[in-house]
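Novice: Below you'll find the structure I mean.
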Amino acid sequence: MKKLSLLTLIAAAFTACSQDNNDGPGNQPSDPPVPQAPYILYYDAASQSLAAGRWGAVTTDNILLFKFGSVVGFTASIDNYEWQRSDIKFNPTGKNFTNYTSIPYFDESNMTGHLVDGYITDIYHTVANVKAGKGDPCKLVGLRANATDDEIEAHDSGLQLPSFSYFQAIYSDATFEWTTNPVPGGRLKALPTAETFLPQVMIRDHSQMPYIDAIYWSSLPYFNNDPQLGMTPHGGVLIFNDEEVKTNSAMPSGCGLPVRCIQALE
């Protein structure tokens with residue numbers, strides 16, 4: 001597998017991203033909310049479904065984090081440093097994950113064909129993979145965790161993970177301003193797109209650690225040839241921080257990061 005020269009890794013210390021599952025309440029669900037741009041993924045308790053919304057309608061308490069290439073979504077709080085099984089809010093697999101490490105995500109054994117931009121969306125997202133906890137979570141917006149195979153196959157959210165080239169095209173010349181103070185509760189606003197970004201709650205080594213970076217997955221896998229770990233899987237990311245905007249970075253696949261969806265590309 002050929003290394004993509006456009007990508008640069010942020011610190012090797014993040015290689016060990018790790019963390020632990022439960023499903024939501026059993027009340028009669030309401031209809032899923034209509035997705036609202038810019039489409040950050042969260043769990044809607046009223047409909048018990050995966051939802052996509054914008055700042056103002058979505059709080060940090062129900063924003064979901066995902067490993068790269070995973071459709072199992074969990075919440076994170078900077079006030080709760082120990083990951084709990086109850087943090088898992090969206091789990092379409094029917095399986096019970098007892099710890100963070102057991103939550104599935106993209107790895108080298110999942111590779112079929114060539115690494116291409118949009119791989120997770122266009123190739124990796126299948127019914128079989130979704131039932132195994134893997135795929136593009138944006139394509140599942142509006143579904144409840146107990147969706148059948150037929151419902152998963154027929155469902156069309158109209159959304160997808162951003163391609164890596166999309167990040168580069170939209171944000172390569174972006175600047176930002178703070179809309180409020182940094183973590184906790186800070187927001188980064190990208191200019192001129194006027195989108196808001198959450199300073200990151202990074203999942204690492206069974207703890208939840210606040211960062212000033214705002215980091216979001218793309219749909220592009222990447223393998224880093226580490227001298228000690230071998231070919232370790234990563235995902236291309238978009239990074240906003242207090243100094244710059246990075247559109248050419250990657251993070252280890254086992255990290256828990258938020259997902260921003262875009263309208264499905266033709």
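By convention in this document, the chains of the structure tokens carry letters A, B, ... by their order, each chain's residues are numbered from 1, and ligands are numbered from 1 in the order they are shown.
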Identify, with DSSP run on backbone atoms, the residues in region 126-222 of chain A assigned to helix (DSSP H, G or I), and express the list as a PyMOL selection string.
Specialist: chain A and resi 127-131+137-140+149-154+164-171
Novice: Run DSSP on the backbone and grab whatever in region 97-200 of chain A lands in strand (DSSP E); send it over as a PyMOL selection string.
Specialist: chain A and resi 159-160+175-178+188-191+195-197
Novice: Report the distance between CA of Thr232 (chain A) and CA of Glu108 (chain A) in Å, rounded to one decimal place.
Specialist: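 It comes out at 7.5 Å.
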Novice: Write out as a ChimeraX atom specification the residues lying within 10 Å of Tyr216 (chain A), counting only C-alpha atoms and excluding same-chain residues fewer than 4 positions away.
Specialist: /A:40,65-66,68,161-162,167,197-198,200,235-240,250-251,256-261
Novice: Within 7 Å of Phe74 (chain A), counting only C-alpha atoms, which residues qualify if same-chain residues fewer than 4 places away don't, as a list in words?
Specialist: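 Final neighbour list, sorted by chain and number: Leu64, Leu65, Phe66, Asp87, Ile88, Lys89 and Phe90 of chain A.
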Novice: Given the selection you just returned, output its residues as a file containing N, CA and C atoms, formatted as a JSON list (two decimals), in the first residue's frame.
Specialist:
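Heads up, here's the output in out_4.json:
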```json
[["chain", "number", "residue", "atom", "x", "y", "z"],
["A", 64, "LEU", "N", -21.69, 12.99, 18.98],
["A", 64, "LEU", "CA", -21.10, 11.66, 18.98],
["A", 64, "LEU", "C", -19.68, 11.68, 18.45],
["A", 65, "LEU", "N", -18.85, 10.81, 19.02],
["A", 65, "LEU", "CA", -17.51, 10.56, 18.52],
["A", 65, "LEU", "C", -17.48, 9.18, 17.87],
["A", 66, "PHE", "N", -16.64, 9.02, 16.86],
["A", 66, "PHE", "CA", -16.51, 7.76, 16.15],
["A", 66, "PHE", "C", -15.03, 7.46, 15.93],
["A", 87, "ASP", "N", -21.75, 5.28, 27.54],
["A", 87, "ASP", "CA", -21.44, 6.37, 26.61],
["A", 87, "ASP", "C", -21.81, 6.02, 25.17],
["A", 88, "ILE", "N", -21.93, 4.72, 24.84],
["A", 88, "ILE", "CA", -22.34, 4.34, 23.50],
["A", 88, "ILE", "C", -23.82, 4.64, 23.32],
["A", 89, "LYS", "N", -24.13, 5.47, 22.31],
["A", 89, "LYS", "CA", -25.51, 5.89, 22.08],
["A", 89, "LYS", "C", -26.08, 5.33, 20.79],
["A", 90, "PHE", "N", -25.25, 5.10, 19.79],
["A", 90, "PHE", "CA", -25.73, 4.55, 18.53],
["A", 90, "PHE", "C", -24.90, 3.33, 18.17]]
```
Novice: How many Å separate CA of Val71 (chain A) from CA of Cys255 (chain A)?
Specialist: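 Answer for the CA of Val71 (chain A) to CA of Cys255 (chain A) separation: 13.4 Å.
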Novice: Do a neighbour search on region 121-136 of chain A at 10 Å with only C-alpha atoms, toss out local chain neighbours closer than 2 positions, and write the hits as a ChimeraX atom specification.
Specialist: /A:67-73,91-95,103-106,110-119,138-141,147-154,159-163,218-220,259,261,264
